[in-house]
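Enquirer: Input file: data01.cif. Contents: mmCIF, C-alpha atoms.
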data_final
#
loop_
_atom_site.group_PDB
_atom_site.id
_atom_site.type_symbol
_atom_site.label_atom_id
_atom_site.label_comp_id
_atom_site.auth_asym_id
_atom_site.auth_seq_id
_atom_site.Cartn_x
_atom_site.Cartn_y
_atom_site.Cartn_z
ATOM 1 C CA MET M 1 -69.730 -6.780 -21.535
ATOM 2 C CA LYS M 2 -69.749 -10.353 -20.279
ATOM 3 C CA LYS M 3 -67.241 -11.314 -22.981
ATOM 4 C CA ILE M 4 -64.922 -8.479 -21.915
ATOM 5 C CA ASN M 5 -65.115 -9.548 -18.256
ATOM 6 C CA LYS M 6 -64.281 -13.154 -19.195
ATOM 7 C CA LEU M 7 -61.346 -11.960 -21.264
ATOM 8 C CA LEU M 8 -60.038 -9.827 -18.412
ATOM 9 C CA LEU M 9 -60.368 -12.770 -16.041
ATOM 10 C CA ILE M 10 -58.392 -15.049 -18.377
ATOM 11 C CA VAL M 11 -55.641 -12.440 -18.780
ATOM 12 C CA LEU M 12 -55.455 -11.947 -14.989
ATOM 13 C CA VAL M 13 -55.155 -15.694 -14.359
ATOM 14 C CA LEU M 14 -52.419 -16.083 -16.974
ATOM 15 C CA THR M 15 -50.526 -13.090 -15.560
ATOM 16 C CA LEU M 16 -50.591 -14.540 -12.027
ATOM 17 C CA ALA M 17 -49.435 -17.932 -13.303
ATOM 18 C CA VAL M 18 -46.479 -16.451 -15.190
ATOM 19 C CA THR M 19 -45.527 -14.345 -12.175
ATOM 20 C CA ALA M 20 -45.605 -17.340 -9.864
ATOM 21 C CA PHE M 21 -43.559 -19.416 -12.296
ATOM 22 C CA GLY M 22 -40.964 -16.674 -12.580
ATOM 23 C CA CYS M 23 -40.620 -16.318 -8.815
ATOM 24 C CA THR M 24 -40.120 -20.025 -8.439
ATOM 25 C CA ASN M 25 -37.332 -20.111 -10.978
ATOM 26 C CA ASN M 26 -35.590 -17.048 -9.557
ATOM 27 C CA GLU M 27 -35.044 -18.669 -6.129
ATOM 28 C CA PRO M 28 -31.372 -19.453 -5.514
ATOM 29 C CA ALA M 29 -30.459 -23.136 -5.688
ATOM 30 C CA PRO M 30 -29.438 -24.714 -2.356
ATOM 31 C CA ALA M 31 -25.668 -24.584 -1.772
ATOM 32 C CA GLU M 32 -23.873 -27.790 -2.615
ATOM 33 C CA GLU M 33 -21.586 -29.354 -0.043
ATOM 34 C CA ASN M 34 -17.869 -29.167 -0.775
ATOM 35 C CA SER M 35 -17.333 -32.582 -2.296
ATOM 36 C CA ASP M 36 -13.557 -32.095 -2.263
ATOM 37 C CA GLU M 37 -13.416 -32.307 1.538
ATOM 38 C CA THR M 38 -12.692 -35.843 2.736
ATOM 39 C CA PRO M 39 -14.321 -37.350 5.850
ATOM 40 C CA SER M 40 -10.933 -37.357 7.655
ATOM 41 C CA GLU M 41 -10.562 -33.605 7.030
ATOM 42 C CA LYS M 42 -14.032 -32.904 8.411
ATOM 43 C CA GLN M 43 -13.286 -34.894 11.554
ATOM 44 C CA GLU M 44 -11.777 -32.891 14.403
ATOM 45 C CA LEU M 45 -8.603 -34.543 15.663
ATOM 46 C CA THR M 46 -8.280 -35.551 19.318
ATOM 47 C CA LYS M 47 -5.219 -33.905 20.866
ATOM 48 C CA ILE M 48 -2.587 -35.985 22.658
ATOM 49 C CA THR M 49 0.023 -34.114 24.713
ATOM 50 C CA VAL M 50 3.389 -35.652 25.596
ATOM 51 C CA ALA M 51 6.187 -34.175 27.738
ATOM 52 C CA ALA M 52 9.618 -35.149 26.435
ATOM 53 C CA SER M 53 13.336 -34.442 26.517
ATOM 54 C CA PRO M 54 14.416 -32.656 23.327
ATOM 55 C CA VAL M 55 16.877 -35.344 22.185
ATOM 56 C CA PRO M 56 16.134 -38.048 21.255
ATOM 57 C CA HIS M 57 12.618 -38.292 22.665
ATOM 58 C CA ALA M 58 11.005 -35.275 20.989
ATOM 59 C CA GLU M 59 12.759 -36.189 17.740
ATOM 60 C CA ILE M 60 11.344 -39.717 17.898
ATOM 61 C CA LEU M 61 7.875 -38.406 18.699
ATOM 62 C CA ALA M 62 8.036 -36.129 15.660
ATOM 63 C CA GLN M 63 8.210 -39.265 13.504
ATOM 64 C CA ILE M 64 4.792 -40.499 14.655
ATOM 65 C CA LYS M 65 2.736 -37.324 14.153
ATOM 66 C CA ALA M 66 1.522 -38.289 10.682
ATOM 67 C CA ASP M 67 0.722 -41.840 11.789
ATOM 68 C CA LEU M 68 -1.357 -40.550 14.689
ATOM 69 C CA ALA M 69 -3.119 -37.976 12.489
ATOM 70 C CA ASP M 70 -4.248 -40.781 10.176
ATOM 71 C CA LYS M 71 -5.837 -42.409 13.224
ATOM 72 C CA GLY M 72 -7.611 -39.238 14.362
ATOM 73 C CA PHE M 73 -5.109 -37.816 16.843
ATOM 74 C CA GLU M 74 -3.139 -34.578 16.883
ATOM 75 C CA LEU M 75 0.169 -34.962 18.739
ATOM 76 C CA GLU M 76 1.569 -32.005 20.669
ATOM 77 C CA VAL M 77 5.050 -32.462 22.151
ATOM 78 C CA ILE M 78 6.100 -30.224 25.057
ATOM 79 C CA GLU M 79 9.855 -30.238 25.576
ATOM 80 C CA PHE M 80 11.543 -30.143 28.990
ATOM 81 C CA ALA M 81 15.263 -29.788 29.666
ATOM 82 C CA GLU M 82 15.167 -31.472 33.089
ATOM 83 C CA TYR M 83 13.733 -34.578 34.750
ATOM 84 C CA VAL M 84 11.275 -33.339 37.386
ATOM 85 C CA GLN M 85 8.536 -31.314 35.682
ATOM 86 C CA PRO M 86 7.745 -33.912 32.987
ATOM 87 C CA ASN M 87 6.488 -36.208 35.736
ATOM 88 C CA MET M 88 4.761 -33.486 37.734
ATOM 89 C CA VAL M 89 2.645 -32.272 34.793
ATOM 90 C CA VAL M 90 1.508 -35.833 34.059
ATOM 91 C CA GLU M 91 0.665 -36.392 37.710
ATOM 92 C CA ALA M 92 -1.350 -33.150 37.712
ATOM 93 C CA GLY M 93 -3.269 -34.268 34.632
ATOM 94 C CA ASP M 94 -2.078 -31.292 32.585
ATOM 95 C CA ILE M 95 -0.347 -33.524 30.022
ATOM 96 C CA ASP M 96 -1.374 -36.999 28.852
ATOM 97 C CA ALA M 97 1.985 -38.793 28.895
ATOM 98 C CA ASN M 98 5.734 -38.357 29.121
ATOM 99 C CA PHE M 99 8.701 -39.906 27.379
ATOM 100 C CA PHE M 100 12.130 -39.207 28.883
ATOM 101 C CA GLN M 101 13.009 -41.611 31.697
ATOM 102 C CA HIS M 102 13.778 -45.207 32.636
ATOM 103 C CA LYS M 103 12.010 -47.456 35.138
ATOM 104 C CA PRO M 104 14.452 -47.180 38.077
ATOM 105 C CA TYR M 105 14.272 -43.383 37.895
ATOM 106 C CA LEU M 106 10.460 -43.514 37.724
ATOM 107 C CA ASP M 107 10.230 -45.898 40.682
ATOM 108 C CA ASN M 108 12.497 -43.696 42.769
ATOM 109 C CA PHE M 109 10.590 -40.562 41.724
ATOM 110 C CA ASN M 110 7.231 -42.072 42.679
ATOM 111 C CA GLU M 111 8.603 -43.134 46.052
ATOM 112 C CA GLU M 112 10.170 -39.762 46.847
ATOM 113 C CA ARG M 113 7.368 -37.547 45.477
ATOM 114 C CA GLY M 114 4.309 -39.677 46.207
ATOM 115 C CA THR M 115 3.289 -39.638 42.545
ATOM 116 C CA ASN M 116 1.349 -42.344 40.721
ATOM 117 C CA ILE M 117 2.928 -42.597 37.292
ATOM 118 C CA VAL M 118 3.279 -45.918 35.485
ATOM 119 C CA SER M 119 5.231 -47.284 32.529
ATOM 120 C CA VAL M 120 3.190 -48.522 29.572
ATOM 121 C CA ALA M 121 5.924 -49.309 27.006
ATOM 122 C CA ALA M 122 9.700 -49.679 26.758
ATOM 123 C CA VAL M 123 10.780 -47.869 23.592
ATOM 124 C CA HIS M 124 14.566 -47.616 23.478
ATOM 125 C CA PHE M 125 17.816 -47.836 25.409
ATOM 126 C CA GLU M 126 20.418 -45.069 25.620
ATOM 127 C CA PRO M 127 23.838 -46.399 26.631
ATOM 128 C CA LEU M 128 25.438 -44.409 29.425
ATOM 129 C CA GLY M 129 28.978 -43.440 28.461
ATOM 130 C CA ILE M 130 32.209 -42.130 29.925
ATOM 131 C CA TYR M 131 33.447 -39.203 27.808
ATOM 132 C CA PRO M 132 36.768 -37.347 27.791
ATOM 133 C CA GLY M 133 37.200 -33.951 29.353
ATOM 134 C CA LYS M 134 40.631 -32.633 30.257
ATOM 135 C CA SER M 135 41.846 -36.237 30.132
ATOM 136 C CA ASN M 136 41.144 -38.863 27.505
ATOM 137 C CA ASP M 137 42.762 -42.104 28.644
ATOM 138 C CA LEU M 138 41.000 -44.352 31.145
ATOM 139 C CA SER M 139 44.080 -46.551 31.404
ATOM 140 C CA ASN M 140 46.185 -43.600 32.585
ATOM 141 C CA ILE M 141 43.944 -41.630 34.926
ATOM 142 C CA PRO M 142 45.650 -38.717 36.722
ATOM 143 C CA ASP M 143 45.771 -39.033 40.496
ATOM 144 C CA GLY M 144 42.921 -36.972 41.935
ATOM 145 C CA ALA M 145 41.065 -36.775 38.607
ATOM 146 C CA GLU M 146 37.591 -35.229 38.718
ATOM 147 C CA ILE M 147 34.766 -37.243 37.180
ATOM 148 C CA ALA M 148 31.351 -35.582 36.837
ATOM 149 C CA VAL M 149 28.283 -37.836 37.197
ATOM 150 C CA PRO M 150 24.491 -37.300 37.384
ATOM 151 C CA ASN M 151 23.325 -36.742 40.953
ATOM 152 C CA ASP M 152 19.865 -38.367 40.857
ATOM 153 C CA THR M 153 19.759 -41.654 42.734
ATOM 154 C CA THR M 154 19.459 -44.149 39.889
ATOM 155 C CA ASN M 155 21.659 -42.416 37.314
ATOM 156 C CA GLU M 156 24.443 -41.790 39.818
ATOM 157 C CA ALA M 157 24.439 -45.461 40.764
ATOM 158 C CA ARG M 158 24.464 -46.383 37.107
ATOM 159 C CA ALA M 159 27.450 -44.084 36.487
ATOM 160 C CA LEU M 160 29.359 -45.494 39.458
ATOM 161 C CA LEU M 161 28.704 -49.054 38.304
ATOM 162 C CA LEU M 162 30.055 -48.161 34.855
ATOM 163 C CA LEU M 163 33.176 -46.693 36.476
ATOM 164 C CA GLU M 164 33.506 -49.869 38.519
ATOM 165 C CA ALA M 165 33.131 -52.030 35.407
ATOM 166 C CA ASN M 166 36.112 -50.184 33.945
ATOM 167 C CA GLY M 167 38.330 -50.698 37.017
ATOM 168 C CA ILE M 168 38.326 -47.077 38.180
ATOM 169 C CA ILE M 169 36.633 -47.622 41.554
ATOM 170 C CA ARG M 170 35.015 -50.441 43.509
ATOM 171 C CA ILE M 171 31.541 -50.154 45.051
ATOM 172 C CA LYS M 172 30.407 -51.733 48.289
ATOM 173 C CA GLU M 173 28.824 -55.114 47.591
ATOM 174 C CA GLY M 174 25.041 -54.945 47.488
ATOM 175 C CA ALA M 175 24.860 -51.188 46.887
ATOM 176 C CA GLY M 176 23.559 -51.783 43.345
ATOM 177 C CA LEU M 177 21.070 -49.237 42.036
ATOM 178 C CA THR M 178 21.189 -47.195 45.234
ATOM 179 C CA ALA M 179 24.972 -46.670 45.202
ATOM 180 C CA THR M 180 26.378 -43.214 45.911
ATOM 181 C CA LYS M 181 29.956 -42.016 46.161
ATOM 182 C CA LEU M 182 29.765 -42.875 49.878
ATOM 183 C CA ASP M 183 29.630 -46.531 48.811
ATOM 184 C CA ILE M 184 33.044 -46.397 47.141
ATOM 185 C CA VAL M 185 35.303 -48.820 49.032
ATOM 186 C CA GLU M 186 38.320 -48.755 46.730
ATOM 187 C CA ASN M 187 39.611 -45.701 44.887
ATOM 188 C CA PRO M 188 43.183 -46.359 43.703
ATOM 189 C CA HIS M 189 43.387 -43.142 41.670
ATOM 190 C CA ASN M 190 41.814 -40.978 44.384
ATOM 191 C CA VAL M 191 39.300 -39.734 41.854
ATOM 192 C CA GLU M 192 36.851 -37.076 42.985
ATOM 193 C CA ILE M 193 33.234 -37.772 42.048
ATOM 194 C CA VAL M 194 31.541 -34.484 41.137
ATOM 195 C CA GLU M 195 27.775 -34.831 41.501
ATOM 196 C CA LEU M 196 25.663 -32.589 39.240
ATOM 197 C CA GLU M 197 22.085 -32.459 37.998
ATOM 198 C CA ALA M 198 22.027 -34.678 34.899
ATOM 199 C CA ALA M 199 21.385 -31.808 32.480
ATOM 200 C CA GLN M 200 24.439 -29.912 33.798
ATOM 201 C CA VAL M 201 27.062 -32.660 33.488
ATOM 202 C CA ALA M 202 27.919 -31.998 29.842
ATOM 203 C CA ARG M 203 28.559 -28.335 30.652
ATOM 204 C CA VAL M 204 31.634 -29.163 32.741
ATOM 205 C CA VAL M 205 33.311 -31.307 30.093
ATOM 206 C CA ASN M 206 36.160 -28.781 29.812
ATOM 207 C CA GLU M 207 36.488 -28.389 33.579
ATOM 208 C CA THR M 208 36.690 -32.018 34.721
ATOM 209 C CA ASP M 209 38.829 -34.936 33.571
ATOM 210 C CA PHE M 210 35.901 -37.119 32.525
ATOM 211 C CA VAL M 211 32.110 -36.916 32.415
ATOM 212 C CA VAL M 212 29.545 -39.696 32.596
ATOM 213 C CA LEU M 213 26.567 -38.734 30.436
ATOM 214 C CA ASN M 214 23.060 -40.014 29.905
ATOM 215 C CA GLY M 215 22.464 -40.832 26.244
ATOM 216 C CA ASN M 216 20.147 -37.897 25.540
ATOM 217 C CA TYR M 217 22.496 -35.332 27.068
ATOM 218 C CA ALA M 218 25.453 -36.831 25.230
ATOM 219 C CA LEU M 219 23.562 -36.380 21.954
ATOM 220 C CA GLU M 220 22.642 -32.800 22.824
ATOM 221 C CA ALA M 221 26.313 -32.083 23.572
ATOM 222 C CA GLY M 222 27.306 -33.386 20.162
ATOM 223 C CA PHE M 223 28.825 -36.691 21.319
ATOM 224 C CA ASN M 224 28.408 -39.931 19.413
ATOM 225 C CA VAL M 225 28.512 -42.835 21.828
ATOM 226 C CA GLN M 226 30.073 -45.162 19.268
ATOM 227 C CA ASN M 227 32.895 -42.820 18.293
ATOM 228 C CA ASP M 228 33.414 -40.503 21.266
ATOM 229 C CA SER M 229 32.849 -42.511 24.444
ATOM 230 C CA LEU M 230 35.810 -44.087 26.216
ATOM 231 C CA ALA M 231 33.508 -46.772 27.663
ATOM 232 C CA LYS M 232 29.773 -47.443 27.501
ATOM 233 C CA GLU M 233 27.040 -49.813 28.589
ATOM 234 C CA GLU M 234 26.626 -52.572 26.045
ATOM 235 C CA GLN M 235 23.378 -53.440 24.274
ATOM 236 C CA GLU M 236 23.438 -56.989 25.642
ATOM 237 C CA SER M 237 23.993 -55.857 29.221
ATOM 238 C CA GLN M 238 21.502 -55.926 32.045
ATOM 239 C CA ALA M 239 21.514 -52.136 31.873
ATOM 240 C CA ALA M 240 19.915 -52.283 28.418
ATOM 241 C CA GLN M 241 16.847 -53.875 30.007
ATOM 242 C CA THR M 242 16.940 -52.085 33.349
ATOM 243 C CA TYR M 243 17.386 -48.635 31.868
ATOM 244 C CA ALA M 244 15.100 -48.821 28.852
ATOM 245 C CA ASN M 245 13.442 -45.454 28.191
ATOM 246 C CA ILE M 246 9.721 -45.726 28.725
ATOM 247 C CA LEU M 247 6.435 -44.102 27.776
ATOM 248 C CA CYS M 248 4.576 -43.181 30.966
ATOM 249 C CA VAL M 249 1.080 -42.092 31.961
ATOM 250 C CA LYS M 250 -0.754 -41.392 35.189
ATOM 251 C CA LYS M 251 -2.058 -44.552 36.835
ATOM 252 C CA GLY M 252 -5.558 -45.268 35.573
ATOM 253 C CA ASN M 253 -4.832 -44.092 32.034
ATOM 254 C CA GLU M 254 -3.039 -47.231 30.849
ATOM 255 C CA GLU M 255 -5.904 -48.406 28.619
ATOM 256 C CA THR M 256 -7.150 -45.138 27.141
ATOM 257 C CA GLU M 257 -7.384 -44.761 23.359
ATOM 258 C CA LYS M 258 -4.703 -42.069 23.514
ATOM 259 C CA THR M 259 -2.284 -44.362 25.347
ATOM 260 C CA LYS M 260 -2.930 -47.290 23.013
ATOM 261 C CA ALA M 261 -2.360 -45.096 19.957
ATOM 262 C CA LEU M 262 0.932 -43.778 21.342
ATOM 263 C CA ILE M 263 2.222 -47.256 22.152
ATOM 264 C CA GLU M 264 1.373 -48.637 18.728
ATOM 265 C CA ALA M 265 3.010 -45.707 16.937
ATOM 266 C CA LEU M 266 6.195 -45.711 19.039
ATOM 267 C CA LYS M 267 6.693 -49.470 18.649
ATOM 268 C CA SER M 268 6.296 -49.377 14.867
ATOM 269 C CA ASP M 269 8.918 -50.566 12.394
ATOM 270 C CA ASN M 270 9.183 -47.012 11.044
ATOM 271 C CA VAL M 271 10.307 -45.722 14.431
ATOM 272 C CA LYS M 272 12.808 -48.555 14.860
ATOM 273 C CA GLN M 273 14.301 -47.770 11.458
ATOM 274 C CA PHE M 274 14.464 -44.044 12.241
ATOM 275 C CA ILE M 275 16.328 -44.760 15.484
ATOM 276 C CA ALA M 276 18.820 -47.055 13.772
ATOM 277 C CA ASP M 277 19.475 -44.634 10.910
ATOM 278 C CA THR M 278 19.651 -41.464 13.000
ATOM 279 C CA TYR M 279 21.543 -42.263 16.187
ATOM 280 C CA GLU M 280 24.111 -44.830 15.046
ATOM 281 C CA GLY M 281 24.123 -46.808 18.291
ATOM 282 C CA GLY M 282 23.621 -43.861 20.639
ATOM 283 C CA VAL M 283 19.984 -44.917 20.890
ATOM 284 C CA VAL M 284 18.898 -48.536 20.457
ATOM 285 C CA ALA M 285 15.277 -49.537 19.798
ATOM 286 C CA ILE M 286 13.781 -52.257 22.000
ATOM 287 C CA ASP M 287 11.597 -54.932 20.383
#
Could you write out this file's structure as structure tokens?
Expert:
Amino acid sequence: MKKINKLLLIVLVLTLAVTAFGCTNNEPAPAEENSDETPSEKQELTKITVAASPVPHAEILAQIKADLADKGFELEVIEFAEYVQPNMVVEAGDIDANFFQHKPYLDNFNEERGTNIVSVAAVHFEPLGIYPGKSNDLSNIPDGAEIAVPNDTTNEARALLLLEANGIIRIKEGAGLTATKLDIVENPHNVEIVELEAAQVARVVNETDFVVLNGNYALEAGFNVQNDSLAKEEQESQAAQTYANILCVKKGNEETEKTKALIEALKSDNVKQFIADTYEGGVVAID
């Protein structure tokens, strides 16, 4: 009887050992991490939002999306067809930066609206041009010809100075960047200056004798400044420096990582080459 009990005990112990061993080996192996996923793909990108005019600003920004993604940023471009809201949304903190304007316009906007927006980089210059409408010869302007110009303070002055440079009118001395049609002191052709919001000027090209267009609106209207303008601001002119298009942020955000990344990407050689190849002089990169 004792031998039988010992035998039963040995069998019981062996049975428990085999059972335990089987359970251990039947446990699922821990899941392996996906080794195909790179560290950059695992990292969540930091979003940068920029308000911009469709042409050429949004097109230029599209060229830096991949560059920014490599540095950990996701660029979202919000397009605006006018010049007020892009500044207001940056001032409100809804959008990180904007790219559509030049410094004189920004300075005037800040003064009139009480905003605190600052320039952090000059990216390119868009020559202002005089384009044909019902008439196409600046040397033979019809008496009483209508010339449409932007109505915002700085761009109207810029348009009037371009007309003056081409002998069409003469502006009161000292009026400079604040000139309006009230500052015209000589008007030998009795031209009528038609003041319109900048985005609307191109729409009256078939209704007026000439139009003076900002570079971006000329591009949107299908004009090439090199081939289609009757006169334009030259690259070497003071206007090229004064009216450089700038990247802007709300004051206090000049040194953020987002701002630094945008500046570096927009000032890259790739962007300069894209501008030269795409716009054929209608947009000129600034070193």
Enquirer: Hey, what comes out of the PyMOL selection byres ((chain M and resi 173) around 12) on this file? Could you write it as JSON, numbers by chain?
Expert: {"M": [161, 164, 170, 171, 172, 174, 175, 176, 177, 178, 179, 183, 184, 185, 186]}
Enquirer: Need the neighbours of (11.4, -34.0, 26.8): which residues are at most 6 Å away, counting all atoms listed in the file, as a PyMOL selection string?
Expert: chain M and resi 51-54+58+79-80+100
Enquirer: In Å, rounded to a single decimal, give me how far atom CA of Glu195 of chain M is from atom CA of Ile147 of chain M.
Expert: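 Spanning atom CA of Ile147 of chain M to atom CA of Glu195 of chain M is a straight-line distance of 8.6 Å.
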Enquirer: Run the PyMOL selection byres ((chain M and resi 197) around 9) mentally over the shown coordinates, then write out the matched residues as a list in words, using the chain letters and numbers from the document.
Expert: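 This file, filtered by the PyMOL selection byres ((chain M and resi 197) around 9), leaves Glu82, Val149, Pro150, Asn151, Asp152, Glu195, Leu196, Ala198, Ala199, Gln200 and Val201 of chain M.
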Enquirer: Using all atoms listed in the file for the distances, tell me which of M:Glu111, M:Glu76, M:Glu126, M:Glu207 is nearest to Lys232 of chain M.
Expert: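 Using all atoms listed in the file, Lys232 of chain M sits closest to M:Glu126.
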Enquirer: Taking the file above as input, evaluate the PyMOL selection byres ((chain M and resi 242-255) around 6) and report the hits as a ChimeraX atom specification.
Expert: /M:91,97-99,101-102,116-125,239-241,256
Enquirer: Since the input is missing atoms for segment 50-78 of chain M, could you rebuild it with N, CA and C atoms and give the result as a compact mmCIF listing (two decimals), keeping the file's coordinate frame?
Expert:
# COMPACT_ATOMS: atom_id res chain seq x y z
N VAL M 50 2.32 -34.84 25.03
CA VAL M 50 3.39 -35.65 25.60
C VAL M 50 4.54 -34.75 26.01
N ALA M 51 5.00 -34.88 27.25
CA ALA M 51 6.19 -34.17 27.74
C ALA M 51 7.41 -35.02 27.41
N ALA M 52 8.46 -34.37 26.88
CA ALA M 52 9.62 -35.15 26.44
C ALA M 52 10.90 -34.34 26.52
N SER M 53 12.02 -35.06 26.68
CA SER M 53 13.34 -34.44 26.52
C SER M 53 13.53 -34.13 25.03
N PRO M 54 14.26 -33.04 24.73
CA PRO M 54 14.42 -32.66 23.33
C PRO M 54 15.05 -33.74 22.46
N VAL M 55 16.14 -34.34 22.96
CA VAL M 55 16.88 -35.34 22.18
C VAL M 55 17.08 -36.59 23.04
N PRO M 56 16.74 -37.77 22.56
CA PRO M 56 16.13 -38.05 21.26
C PRO M 56 14.62 -38.13 21.28
N HIS M 57 14.03 -37.98 22.46
CA HIS M 57 12.62 -38.29 22.66
C HIS M 57 11.68 -37.46 21.79
N ALA M 58 11.87 -36.13 21.81
CA ALA M 58 11.00 -35.28 20.99
C ALA M 58 11.23 -35.55 19.50
N GLU M 59 12.46 -35.88 19.14
CA GLU M 59 12.76 -36.19 17.74
C GLU M 59 12.05 -37.48 17.31
N ILE M 60 12.04 -38.46 18.19
CA ILE M 60 11.34 -39.72 17.90
C ILE M 60 9.84 -39.48 17.80
N LEU M 61 9.31 -38.70 18.72
CA LEU M 61 7.88 -38.41 18.70
C LEU M 61 7.46 -37.68 17.42
N ALA M 62 8.35 -36.85 16.90
CA ALA M 62 8.04 -36.13 15.66
C ALA M 62 7.77 -37.10 14.51
N GLN M 63 8.36 -38.28 14.58
CA GLN M 63 8.21 -39.26 13.50
C GLN M 63 6.83 -39.94 13.50
N ILE M 64 6.08 -39.81 14.59
CA ILE M 64 4.79 -40.50 14.66
C ILE M 64 3.60 -39.56 14.50
N LYS M 65 3.85 -38.28 14.26
CA LYS M 65 2.74 -37.32 14.15
C LYS M 65 1.80 -37.67 13.00
N ALA M 66 2.35 -37.97 11.84
CA ALA M 66 1.52 -38.29 10.68
C ALA M 66 0.73 -39.57 10.90
N ASP M 67 1.38 -40.57 11.49
CA ASP M 67 0.72 -41.84 11.79
C ASP M 67 -0.47 -41.62 12.71
N LEU M 68 -0.27 -40.82 13.75
CA LEU M 68 -1.36 -40.55 14.69
C LEU M 68 -2.47 -39.73 14.04
N ALA M 69 -2.11 -38.79 13.17
CA ALA M 69 -3.12 -37.98 12.49
C ALA M 69 -4.03 -38.85 11.63
N ASP M 70 -3.45 -39.86 10.98
CA ASP M 70 -4.25 -40.78 10.18
C ASP M 70 -5.25 -41.55 11.02
N LYS M 71 -4.95 -41.67 12.32
CA LYS M 71 -5.84 -42.41 13.22
C LYS M 71 -6.73 -41.49 14.05
N GLY M 72 -6.70 -40.17 13.71
CA GLY M 72 -7.61 -39.24 14.36
C GLY M 72 -7.05 -38.49 15.55
N PHE M 73 -5.72 -38.49 15.69
CA PHE M 73 -5.11 -37.82 16.84
C PHE M 73 -4.13 -36.73 16.38
N GLU M 74 -4.12 -35.64 17.10
CA GLU M 74 -3.14 -34.58 16.88
C GLU M 74 -2.13 -34.62 18.03
N LEU M 75 -0.86 -34.85 17.71
CA LEU M 75 0.17 -34.96 18.74
C LEU M 75 0.82 -33.61 19.00
N GLU M 76 0.84 -33.21 20.26
CA GLU M 76 1.57 -32.01 20.67
C GLU M 76 2.66 -32.43 21.64
N VAL M 77 3.90 -32.11 21.31
CA VAL M 77 5.05 -32.46 22.15
C VAL M 77 5.52 -31.22 22.89
N ILE M 78 5.61 -31.32 24.22
CA ILE M 78 6.10 -30.22 25.06
C ILE M 78 7.47 -30.62 25.58
